[in-house]
Structure formats: structure tokens, C-alpha cells
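Structure first, then comments.
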Amino acid sequence: MAQVQTRMTRQRAVILEELRKTKSHPTADELYSIVRERLPRISLGTVYRNLDFLADSGEIRRLEAAGSTKRFDGDISWHQHVRCLRCGRIGDVMQPLATPPVDGIQVEGFFSIVGSRIEFDGICDECAGSRNDVQ
């Protein structure tokens, strides 16, 4: 049986540090480009594996929405997100609403519902431009 690596390697520390410095909620590929400036020999696979490890261990958040590219958030404080419907940009909602309770919810084909989350849809300033459209 292989031993699970749990120590904070230099690569993992740099990935975590760079993710916590950004507010853009980058994809693994975007973070890879940032991290390569400090660790030129790091592989994309190493970035993916470390992001998954950090998310699974609760050090970061993995942001996944159906049909959207997986993104990562270094801020694990309680907050929600807004996603631009046009470009996919994500922003932090620092005055979060209470999430709906899941007690008693039953769905055919699901043994249990274990949690809920709120994510907002919107149009970012850049996509709205000067037209001020909000459709």
C-alpha cells in the first residue's frame, strides 16, 4: 500500500501561496502559468495533483459548476460566489446568504442529500461595458 503524501512540499507551498495571492479564482492551467514563473520545471500534472490534494484537505476551495471549467479559491472563509454568464469570471460575495437546509429532501435515485450551496449569476463590469445591459 502506497503512503499518502501529506507533508507540505516546496511545490505545494508555492502553489498554495500563489493561489492565496490572487482573487481571480484561476483554473489549474492559469495557476500553472503563474507558478511556472517561480518553479520553471514544475509540470501541469503536478499542479493538478496538488490542487486536488489541497482541496481535499480543506486548504483551498474547488469551484465546480455543471458545464463550467473547474476553478480554485485560496480564500476558505465563508463566502459565496457570483459567476459572469458571459465570460465565466468569478467574484466573491462576502455577505453570504444562509444556504437552504437539506433535511427531509428526497430525490429519486439518491440515497441522501448532504449539502447545498448558493452561487449567483451575473454580468461583470467588463462584459457589460458601456452598454449597461443586464440581460
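Here's how to read the names in the C-alpha cells: chain A, B, ... by the order shown, residue numbers from 1 in each chain, ligand numbers from 1 in the order shown.
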
Check your understanding: Would you give me, as number ranges by chain, the residues in range 9-97 of chain A that DSSP reads as strand (DSSP E or B)?
Key -> A: 61-63, 71-73, 80-84, 90-93

Saved selection, atoms kept: N, CA, C and O atoms, as a PDB file, in the first residue's frame:
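The file below, selection32.pdb, is the result:
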```
ATOM      1  N   ARG A  61     -10.525  25.942  -1.833  1.00  0.00           N
ATOM      2  CA  ARG A  61     -11.829  25.518  -2.355  1.00  0.00           C
ATOM      3  C   ARG A  61     -11.718  25.184  -3.831  1.00  0.00           C
ATOM      4  O   ARG A  61     -11.075  25.911  -4.588  1.00  0.00           O
ATOM      5  N   ARG A  62     -12.383  24.123  -4.219  1.00  0.00           N
ATOM      6  CA  ARG A  62     -12.528  23.751  -5.622  1.00  0.00           C
ATOM      7  C   ARG A  62     -13.913  24.238  -6.034  1.00  0.00           C
ATOM      8  O   ARG A  62     -14.906  23.874  -5.418  1.00  0.00           O
ATOM      9  N   LEU A  63     -13.971  25.101  -7.040  1.00  0.00           N
ATOM     10  CA  LEU A  63     -15.245  25.648  -7.506  1.00  0.00           C
ATOM     11  C   LEU A  63     -15.660  24.904  -8.764  1.00  0.00           C
ATOM     12  O   LEU A  63     -15.003  25.016  -9.803  1.00  0.00           O
ATOM     13  N   ARG A  71     -12.447  25.808 -11.174  1.00  0.00           N
ATOM     14  CA  ARG A  71     -11.587  26.893 -10.716  1.00  0.00           C
ATOM     15  C   ARG A  71     -11.264  26.673  -9.249  1.00  0.00           C
ATOM     16  O   ARG A  71     -11.890  25.853  -8.582  1.00  0.00           O
ATOM     17  N   PHE A  72     -10.306  27.451  -8.734  1.00  0.00           N
ATOM     18  CA  PHE A  72      -9.849  27.256  -7.367  1.00  0.00           C
ATOM     19  C   PHE A  72      -9.813  28.584  -6.630  1.00  0.00           C
ATOM     20  O   PHE A  72      -9.565  29.628  -7.219  1.00  0.00           O
ATOM     21  N   ASP A  73     -10.069  28.515  -5.326  1.00  0.00           N
ATOM     22  CA  ASP A  73     -10.127  29.701  -4.464  1.00  0.00           C
ATOM     23  C   ASP A  73      -9.258  29.453  -3.244  1.00  0.00           C
ATOM     24  O   ASP A  73      -9.468  28.473  -2.516  1.00  0.00           O
ATOM     25  N   GLN A  80     -19.737  33.234  -0.657  1.00  0.00           N
ATOM     26  CA  GLN A  80     -20.318  32.630  -1.854  1.00  0.00           C
ATOM     27  C   GLN A  80     -19.727  33.308  -3.078  1.00  0.00           C
ATOM     28  O   GLN A  80     -18.889  34.201  -2.951  1.00  0.00           O
ATOM     29  N   HIS A  81     -20.156  32.877  -4.247  1.00  0.00           N
ATOM     30  CA  HIS A  81     -19.569  33.384  -5.484  1.00  0.00           C
ATOM     31  C   HIS A  81     -20.633  33.835  -6.472  1.00  0.00           C
ATOM     32  O   HIS A  81     -21.762  33.345  -6.452  1.00  0.00           O
ATOM     33  N   VAL A  82     -20.227  34.765  -7.326  1.00  0.00           N
ATOM     34  CA  VAL A  82     -21.041  35.190  -8.460  1.00  0.00           C
ATOM     35  C   VAL A  82     -20.222  34.891  -9.709  1.00  0.00           C
ATOM     36  O   VAL A  82     -19.012  35.139  -9.739  1.00  0.00           O
ATOM     37  N   ARG A  83     -20.875  34.319 -10.709  1.00  0.00           N
ATOM     38  CA  ARG A  83     -20.213  33.937 -11.958  1.00  0.00           C
ATOM     39  C   ARG A  83     -20.814  34.741 -13.105  1.00  0.00           C
ATOM     40  O   ARG A  83     -22.034  34.809 -13.249  1.00  0.00           O
ATOM     41  N   CYS A  84     -19.947  35.365 -13.913  1.00  0.00           N
ATOM     42  CA  CYS A  84     -20.416  36.108 -15.082  1.00  0.00           C
ATOM     43  C   CYS A  84     -20.941  35.118 -16.116  1.00  0.00           C
ATOM     44  O   CYS A  84     -20.250  34.162 -16.483  1.00  0.00           O
ATOM     45  N   ILE A  90     -15.348  34.931 -11.947  1.00  0.00           N
ATOM     46  CA  ILE A  90     -15.962  34.679 -10.646  1.00  0.00           C
ATOM     47  C   ILE A  90     -15.560  35.776  -9.677  1.00  0.00           C
ATOM     48  O   ILE A  90     -14.406  36.195  -9.636  1.00  0.00           O
ATOM     49  N   GLY A  91     -16.514  36.236  -8.898  1.00  0.00           N
ATOM     50  CA  GLY A  91     -16.269  37.218  -7.849  1.00  0.00           C
ATOM     51  C   GLY A  91     -16.752  36.675  -6.513  1.00  0.00           C
ATOM     52  O   GLY A  91     -17.574  35.757  -6.452  1.00  0.00           O
ATOM     53  N   ASP A  92     -16.227  37.235  -5.446  1.00  0.00           N
ATOM     54  CA  ASP A  92     -16.605  36.824  -4.096  1.00  0.00           C
ATOM     55  C   ASP A  92     -17.798  37.618  -3.595  1.00  0.00           C
ATOM     56  O   ASP A  92     -17.843  38.838  -3.753  1.00  0.00           O
ATOM     57  N   VAL A  93     -18.745  36.929  -2.991  1.00  0.00           N
ATOM     58  CA  VAL A  93     -19.879  37.557  -2.310  1.00  0.00           C
ATOM     59  C   VAL A  93     -19.577  37.422  -0.819  1.00  0.00           C
ATOM     60  O   VAL A  93     -19.710  36.335  -0.252  1.00  0.00           O
TER      61      VAL A  93
END
```

Exercise for review: Per DSSP on the backbone, filter range 13-117 of chain A down to the residues in alpha helix (DSSP H) and report them as an MDAnalysis selection string.
Suggested key: chainID A and resid 13:21 28:36 44:56

Exercise for review: Please provide as a list in words all residues within 12 Å of range 38-42 of chain A, with the sequence filter that same-chain residues fewer than 6 positions apart are discarded (counting only C-alpha atoms).
Suggested key: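 Neighbouring residues, sequence-local ones excluded: Arg10, Gln11, Arg12, Ala13, Val14, Ile15, Glu17, Glu18, Leu31, Tyr32, Tyr48, Arg49 and Asn50 of chain A.
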
Practice item. Would you work out the distance separating CA of Lys23 in chain A from CA of Ser116 in chain A, expressed in Å to one decimal? Key: 23.5 Å

Point to revise | For Glu126 in chain A, the nearest of the candidates A:Pro96, A:Gly74, A:Pro101, A:Gly88, counting only C-alpha atoms | key: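 Using only C-alpha atoms, Glu126 in chain A sits closest to A:Gly88.
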
Exercise for review: Using only C-alpha atoms, find the one residue out of A:Arg36, A:Arg89, A:Arg7, A:Arg117 that sits nearest to Ser68 in chain A.
Suggested key: A:Arg89
